[in-house]
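Student: This is the structure, below, for whatever I ask next.
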Amino acid sequence: MKLLLLEDDDLLSESLAETLSDEGYRVDTATHLRVADALMQTEEYALVILDIGLPDGSGLDWLERWRESGYQEPILALTARDTWEDKVVGLRRGADDYLTKPFYEEELLARLHALLRRQHGNTGNVLTVNGVHLDEHLQRVSTDGTVWQSLTATEFRLLRYLMHHPDRVHSKLRLLDQLYALEQDAPAPNLVEVYIGRLRRRLGKDVIQTRRGQGYILASV
């Protein structure tokens, strides 16, 4: 899944982006709201991490405007303000959760995971869709009645995205966009076929179906 990180502290942004990448997320970063606006209009993000104190405006104003426009994905707000009044204002203006600086990155990850689980109706670390079980913490998979198998980082990211959007047909380009951040050099679309093939060998050839000329969709096993 792809995340957007809005943070103008370069050291913190780099550290968080690296941590999130290690957790299997693809991360785009921005330091200004105008850049975030442009990204939000063209990219698909599962969650936004927003520092409300950015150089070119109020993060809370930006947040409220996007909520009024109909944006529904989770937004985790970061702030140096630690009063309960500030947190209440942030939540009322559209934040789904609030984290005060300084913080431990483990806490940010825990809050992020909780937001994504609630967004997709899950209550634990195991995501279950159409008979496929994905342990998001240990990055392993099983189907009904089979043993758990460990996944590579790319296999995990690809399968998790398909499982979070099981009702969609996904083109190769869309899947590549979720696997690689903007600043990375994305490989040829045919690489998706390689990883789809690997997942089929693990899960069964009919679990991920090909829609000719369109892409791939997760099917019931």
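Ligands are numbered from 1 in the order shown, chains are lettered A, B, ... in the order of the structure tokens, and residues start at 1 in each chain.
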From a backbone DSSP assignment, name each residue in chain A labelled strand (DSSP E or B), as a compact mmCIF listing (two decimals) with N, CA, C and O atoms, in the first residue's frame.

Tutor:
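As a result, selection.txt now contains:
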```txt
# COMPACT_ATOMS: atom_id res chain seq x y z
N LYS A 2 0.32 2.31 -0.53
CA LYS A 2 1.08 3.55 -0.70
C LYS A 2 0.60 4.59 0.30
O LYS A 2 -0.60 4.79 0.47
N LEU A 3 1.55 5.26 0.96
CA LEU A 3 1.26 6.29 1.95
C LEU A 3 1.85 7.62 1.51
O LEU A 3 2.84 7.66 0.78
N LEU A 4 1.23 8.70 1.98
CA LEU A 4 1.76 10.04 1.76
C LEU A 4 2.19 10.60 3.11
O LEU A 4 1.41 10.63 4.07
N LEU A 5 3.44 11.05 3.19
CA LEU A 5 4.00 11.63 4.41
C LEU A 5 4.27 13.10 4.18
O LEU A 5 5.10 13.46 3.34
N LEU A 6 3.56 13.97 4.91
CA LEU A 6 3.77 15.42 4.84
C LEU A 6 4.51 15.84 6.09
O LEU A 6 3.95 15.89 7.19
N ARG A 26 4.90 1.65 0.55
CA ARG A 26 5.54 2.56 -0.39
C ARG A 26 5.19 3.98 0.04
O ARG A 26 4.02 4.28 0.27
N VAL A 27 6.18 4.85 0.14
CA VAL A 27 5.97 6.16 0.73
C VAL A 27 6.36 7.27 -0.23
O VAL A 27 7.48 7.28 -0.75
N ASP A 28 5.44 8.21 -0.47
CA ASP A 28 5.76 9.46 -1.13
C ASP A 28 5.85 10.54 -0.05
O ASP A 28 5.07 10.53 0.91
N THR A 29 6.80 11.46 -0.18
CA THR A 29 6.98 12.50 0.83
C THR A 29 6.76 13.88 0.23
O THR A 29 6.98 14.10 -0.97
N ALA A 30 6.32 14.81 1.07
CA ALA A 30 6.14 16.21 0.68
C ALA A 30 6.44 17.08 1.89
O ALA A 30 6.21 16.68 3.04
N LEU A 47 -3.32 5.94 3.23
CA LEU A 47 -3.32 6.74 4.47
C LEU A 47 -2.38 7.92 4.29
O LEU A 47 -1.39 7.82 3.55
N VAL A 48 -2.70 9.02 4.97
CA VAL A 48 -1.86 10.22 4.95
C VAL A 48 -1.36 10.50 6.36
O VAL A 48 -2.14 10.47 7.32
N ILE A 49 -0.06 10.74 6.49
CA ILE A 49 0.53 11.20 7.75
C ILE A 49 0.83 12.68 7.59
O ILE A 49 1.60 13.07 6.71
N LEU A 50 0.21 13.51 8.42
CA LEU A 50 0.22 14.96 8.22
C LEU A 50 0.78 15.70 9.42
O LEU A 50 0.21 15.66 10.51
N ASP A 51 1.91 16.37 9.22
CA ASP A 51 2.41 17.33 10.21
C ASP A 51 1.58 18.60 10.03
O ASP A 51 1.57 19.20 8.95
N GLY A 53 2.00 21.51 11.14
CA GLY A 53 2.75 22.77 11.13
C GLY A 53 3.69 22.87 9.95
O GLY A 53 4.91 22.89 10.12
N LEU A 54 3.14 22.95 8.74
CA LEU A 54 3.96 23.01 7.53
C LEU A 54 4.22 24.45 7.12
O LEU A 54 3.49 25.37 7.52
N GLY A 57 1.26 26.97 5.17
CA GLY A 57 -0.14 27.08 5.57
C GLY A 57 -0.47 26.17 6.74
O GLY A 57 0.38 25.43 7.25
N SER A 58 -1.73 26.23 7.15
CA SER A 58 -2.21 25.43 8.27
C SER A 58 -2.57 24.02 7.81
O SER A 58 -3.40 23.85 6.92
N ILE A 75 -6.33 9.75 8.04
CA ILE A 75 -5.29 10.78 8.17
C ILE A 75 -4.81 10.80 9.61
O ILE A 75 -5.59 11.00 10.54
N LEU A 76 -3.50 10.56 9.79
CA LEU A 76 -2.87 10.59 11.11
C LEU A 76 -2.12 11.90 11.24
O LEU A 76 -1.19 12.18 10.47
N ALA A 77 -2.54 12.74 12.18
CA ALA A 77 -1.95 14.06 12.35
C ALA A 77 -0.79 14.02 13.34
O ALA A 77 -0.86 13.35 14.38
N LEU A 78 0.28 14.75 13.00
CA LEU A 78 1.44 14.92 13.88
C LEU A 78 1.51 16.37 14.32
O LEU A 78 1.28 17.27 13.52
N THR A 79 1.86 16.60 15.58
CA THR A 79 1.95 17.97 16.07
C THR A 79 2.90 18.07 17.24
O THR A 79 3.12 17.10 17.97
N ASP A 97 -6.61 10.20 13.90
CA ASP A 97 -5.81 9.97 15.10
C ASP A 97 -4.80 11.10 15.20
O ASP A 97 -4.55 11.83 14.23
N TYR A 98 -4.20 11.23 16.38
CA TYR A 98 -3.34 12.37 16.69
C TYR A 98 -2.12 11.87 17.44
O TYR A 98 -2.26 11.10 18.40
N LEU A 99 -0.95 12.26 17.02
CA LEU A 99 0.28 11.83 17.68
C LEU A 99 1.14 13.05 17.97
O LEU A 99 1.41 13.87 17.08
N THR A 100 1.57 13.19 19.22
CA THR A 100 2.33 14.36 19.65
C THR A 100 3.83 14.09 19.55
O THR A 100 4.33 13.04 19.95
N VAL A 126 -4.15 -10.52 11.32
CA VAL A 126 -4.39 -11.42 10.19
C VAL A 126 -5.54 -10.88 9.35
O VAL A 126 -6.67 -10.75 9.82
N LEU A 127 -5.22 -10.56 8.12
CA LEU A 127 -6.22 -10.08 7.15
C LEU A 127 -6.75 -11.30 6.39
O LEU A 127 -5.97 -12.06 5.82
N THR A 128 -8.07 -11.48 6.38
CA THR A 128 -8.68 -12.62 5.71
C THR A 128 -9.64 -12.13 4.64
O THR A 128 -10.58 -11.38 4.93
N VAL A 129 -9.40 -12.54 3.42
CA VAL A 129 -10.25 -12.15 2.29
C VAL A 129 -10.38 -13.35 1.36
O VAL A 129 -9.36 -13.90 0.90
N VAL A 132 -8.16 -16.36 1.79
CA VAL A 132 -6.72 -16.12 1.91
C VAL A 132 -6.46 -15.41 3.23
O VAL A 132 -7.15 -14.44 3.57
N HIS A 133 -5.48 -15.88 3.98
CA HIS A 133 -5.15 -15.32 5.29
C HIS A 133 -3.74 -14.73 5.23
O HIS A 133 -2.77 -15.45 4.95
N LEU A 134 -3.62 -13.43 5.51
CA LEU A 134 -2.33 -12.75 5.44
C LEU A 134 -1.99 -12.19 6.81
O LEU A 134 -2.71 -11.33 7.34
N ASP A 135 -0.90 -12.68 7.39
CA ASP A 135 -0.41 -12.16 8.66
C ASP A 135 0.45 -10.93 8.34
O ASP A 135 1.57 -11.07 7.85
N ARG A 140 3.41 -13.38 6.28
CA ARG A 140 3.26 -14.74 5.80
C ARG A 140 1.80 -14.97 5.41
O ARG A 140 0.92 -14.21 5.83
N VAL A 141 1.55 -16.02 4.64
CA VAL A 141 0.23 -16.23 4.06
C VAL A 141 -0.16 -17.70 4.15
O VAL A 141 0.70 -18.59 4.16
N SER A 142 -1.47 -17.94 4.21
CA SER A 142 -1.99 -19.29 4.08
C SER A 142 -3.37 -19.20 3.44
O SER A 142 -4.00 -18.13 3.43
N THR A 143 -3.84 -20.30 2.90
CA THR A 143 -5.23 -20.42 2.48
C THR A 143 -5.89 -21.43 3.37
O THR A 143 -5.23 -22.12 4.16
N GLN A 149 3.10 -19.74 4.81
CA GLN A 149 4.30 -19.57 3.99
C GLN A 149 4.79 -18.13 4.11
O GLN A 149 3.99 -17.19 4.03
N SER A 150 6.09 -17.97 4.31
CA SER A 150 6.67 -16.63 4.38
C SER A 150 6.74 -16.02 2.99
O SER A 150 6.95 -16.71 1.99
N HIS A 170 -7.18 -4.74 -11.18
CA HIS A 170 -6.02 -3.85 -11.07
C HIS A 170 -5.11 -4.03 -12.27
O HIS A 170 -4.64 -5.13 -12.54
N ILE A 208 -5.64 -15.65 -7.86
CA ILE A 208 -5.54 -14.35 -8.53
C ILE A 208 -5.87 -14.57 -9.99
O ILE A 208 -5.12 -15.25 -10.71
N GLN A 209 -6.97 -14.01 -10.42
CA GLN A 209 -7.43 -14.23 -11.79
C GLN A 209 -6.98 -13.10 -12.72
O GLN A 209 -6.85 -11.95 -12.29
N THR A 210 -6.74 -13.46 -13.97
CA THR A 210 -6.38 -12.48 -14.99
C THR A 210 -7.64 -12.10 -15.77
O THR A 210 -8.39 -12.96 -16.21
N ARG A 211 -7.87 -10.81 -15.90
CA ARG A 211 -8.92 -10.31 -16.77
C ARG A 211 -8.21 -9.75 -18.01
O ARG A 211 -7.53 -8.72 -17.93
N GLY A 215 -6.32 -6.59 -16.30
CA GLY A 215 -5.40 -6.73 -15.17
C GLY A 215 -5.73 -7.95 -14.34
O GLY A 215 -6.11 -8.99 -14.86
N TYR A 216 -5.64 -7.79 -13.00
CA TYR A 216 -5.77 -8.91 -12.08
C TYR A 216 -6.78 -8.60 -10.98
O TYR A 216 -6.96 -7.44 -10.59
N ILE A 217 -7.42 -9.66 -10.48
CA ILE A 217 -8.39 -9.52 -9.39
C ILE A 217 -8.25 -10.71 -8.46
O ILE A 217 -7.99 -11.84 -8.91
N LEU A 218 -8.40 -10.48 -7.16
CA LEU A 218 -8.35 -11.55 -6.17
C LEU A 218 -9.69 -12.28 -6.20
O LEU A 218 -10.74 -11.66 -6.06
```

Student: Tell me which protein, DNA and RNA residues are within 9 Å of region 171-173 of chain A, counting only C-alpha atoms, leaving out same-chain ones fewer than 2 positions away, and put them as number ranges by chain.

Tutor: A: 169, 175-178, 189-193, 213-216

Student: Would you output that residue set with N, CA and C atoms, as a short mmCIF file (atom, residue, chain, number, x, y, z; two decimals), in the first residue's frame?

Tutor:
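Heads up, here's the output in part_19.cif:
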```cif
data_model
loop_
_atom_site.label_atom_id
_atom_site.label_comp_id
_atom_site.auth_asym_id
_atom_site.auth_seq_id
_atom_site.Cartn_x
_atom_site.Cartn_y
_atom_site.Cartn_z
N VAL A 169 -10.52 -4.75 -10.37
CA VAL A 169 -9.55 -5.28 -11.31
C VAL A 169 -8.41 -4.27 -11.38
N LEU A 175 -0.67 -1.55 -10.13
CA LEU A 175 0.05 -2.35 -9.15
C LEU A 175 1.49 -1.87 -9.00
N LEU A 176 2.13 -1.52 -10.10
CA LEU A 176 3.48 -0.98 -10.01
C LEU A 176 3.50 0.32 -9.21
N ASP A 177 2.48 1.14 -9.40
CA ASP A 177 2.40 2.42 -8.69
C ASP A 177 2.31 2.20 -7.19
N GLN A 178 1.67 1.11 -6.77
CA GLN A 178 1.56 0.81 -5.35
C GLN A 178 2.84 0.17 -4.79
N PRO A 189 6.47 -3.08 -16.56
CA PRO A 189 5.22 -3.66 -16.06
C PRO A 189 5.22 -5.18 -16.04
N ASN A 190 6.00 -5.82 -16.91
CA ASN A 190 6.03 -7.28 -16.94
C ASN A 190 6.52 -7.89 -15.64
N LEU A 191 7.20 -7.08 -14.81
CA LEU A 191 7.65 -7.61 -13.52
C LEU A 191 6.46 -8.01 -12.66
N VAL A 192 5.32 -7.33 -12.83
CA VAL A 192 4.13 -7.70 -12.08
C VAL A 192 3.74 -9.15 -12.38
N GLU A 193 3.86 -9.56 -13.65
CA GLU A 193 3.53 -10.93 -14.02
C GLU A 193 4.39 -11.93 -13.25
N GLY A 213 -6.67 -8.00 -20.95
CA GLY A 213 -6.72 -6.62 -21.38
C GLY A 213 -7.00 -5.63 -20.27
N GLN A 214 -7.22 -6.13 -19.02
CA GLN A 214 -7.57 -5.24 -17.92
C GLN A 214 -6.56 -5.34 -16.76
N GLY A 215 -6.32 -6.59 -16.30
CA GLY A 215 -5.40 -6.73 -15.17
C GLY A 215 -5.73 -7.95 -14.34
N TYR A 216 -5.64 -7.79 -13.00
CA TYR A 216 -5.77 -8.91 -12.08
C TYR A 216 -6.78 -8.60 -10.98
#
```

Student: Mind checking which residues fall within 12 Å of Tyr25 (chain A), counting only C-alpha atoms, ignoring those fewer than 3 positions away in the same chain, and posting them as a PyMOL selection string?

Tutor: chain A and resi 1-5+16-22+28+45-47+109+112-113+116+136+153-154+156-158+160-161+177-181

Student: I want to know what sits within 12 Å of Thr42 (chain A), based on only C-alpha atoms, with residues of the same chain fewer than 4 positions away left out; could you give that as a ChimeraX atom specification?

Tutor: /A:35-38,174,177,182

Student: Keeping only N, CA and C atoms, write the selected residues as an mmCIF file, in the first residue's frame.

Tutor:
```cif
data_model
loop_
_atom_site.group_PDB
_atom_site.id
_atom_site.type_symbol
_atom_site.label_atom_id
_atom_site.label_comp_id
_atom_site.auth_asym_id
_atom_site.auth_seq_id
_atom_site.Cartn_x
_atom_site.Cartn_y
_atom_site.Cartn_z
ATOM 1 N N VAL A 35 2.420 20.868 -2.729
ATOM 2 C CA VAL A 35 2.910 19.626 -3.325
ATOM 3 C C VAL A 35 1.967 18.481 -2.965
ATOM 4 N N ALA A 36 1.525 18.456 -1.716
ATOM 5 C CA ALA A 36 0.586 17.415 -1.287
ATOM 6 C C ALA A 36 -0.706 17.481 -2.090
ATOM 7 N N ASP A 37 -1.195 18.691 -2.342
ATOM 8 C CA ASP A 37 -2.412 18.843 -3.154
ATOM 9 C C ASP A 37 -2.237 18.203 -4.522
ATOM 10 N N ALA A 38 -1.110 18.469 -5.154
ATOM 11 C CA ALA A 38 -0.865 17.914 -6.486
ATOM 12 C C ALA A 38 -0.783 16.387 -6.439
ATOM 13 N N ARG A 174 -1.188 0.158 -12.289
ATOM 14 C CA ARG A 174 -1.685 0.506 -10.956
ATOM 15 C C ARG A 174 -0.912 -0.271 -9.894
ATOM 16 N N ASP A 177 2.483 1.144 -9.398
ATOM 17 C CA ASP A 177 2.399 2.417 -8.688
ATOM 18 C C ASP A 177 2.307 2.198 -7.185
ATOM 19 N N LEU A 182 7.370 7.348 -5.879
ATOM 20 C CA LEU A 182 7.584 8.222 -7.029
ATOM 21 C C LEU A 182 9.059 8.421 -7.347
#
```

Student: Do you have the CA of Gly59 (chain A)-CA of Leu33 (chain A) distance handy?

Tutor: 7.6 Å

Student: For Gly197 (chain A), which residue out of A:Met40, A:Leu159, A:Leu91, A:Leu11 is the nearest one, using only C-alpha atoms?

Tutor: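 Comparing A:Met40, A:Leu159, A:Leu91, A:Leu11 against Gly197 (chain A), the winner is A:Leu159.
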
Student: Out of region 8-210 of chain A, which residues get helix (DSSP H, G or I) from DSSP, as a ChimeraX atom specification?

Tutor: /A:10-22,33-42,59-68,84-92,105-119,153-164,172-179,190-203

Student: Write out as a list in words the residues lying within 8 Å of region 61-64 of chain A, counting only C-alpha atoms and excluding same-chain residues fewer than 6 positions away.

Tutor: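 The residues satisfying every condition are Leu33, Arg93, Gly94 and Ala95 of chain A.
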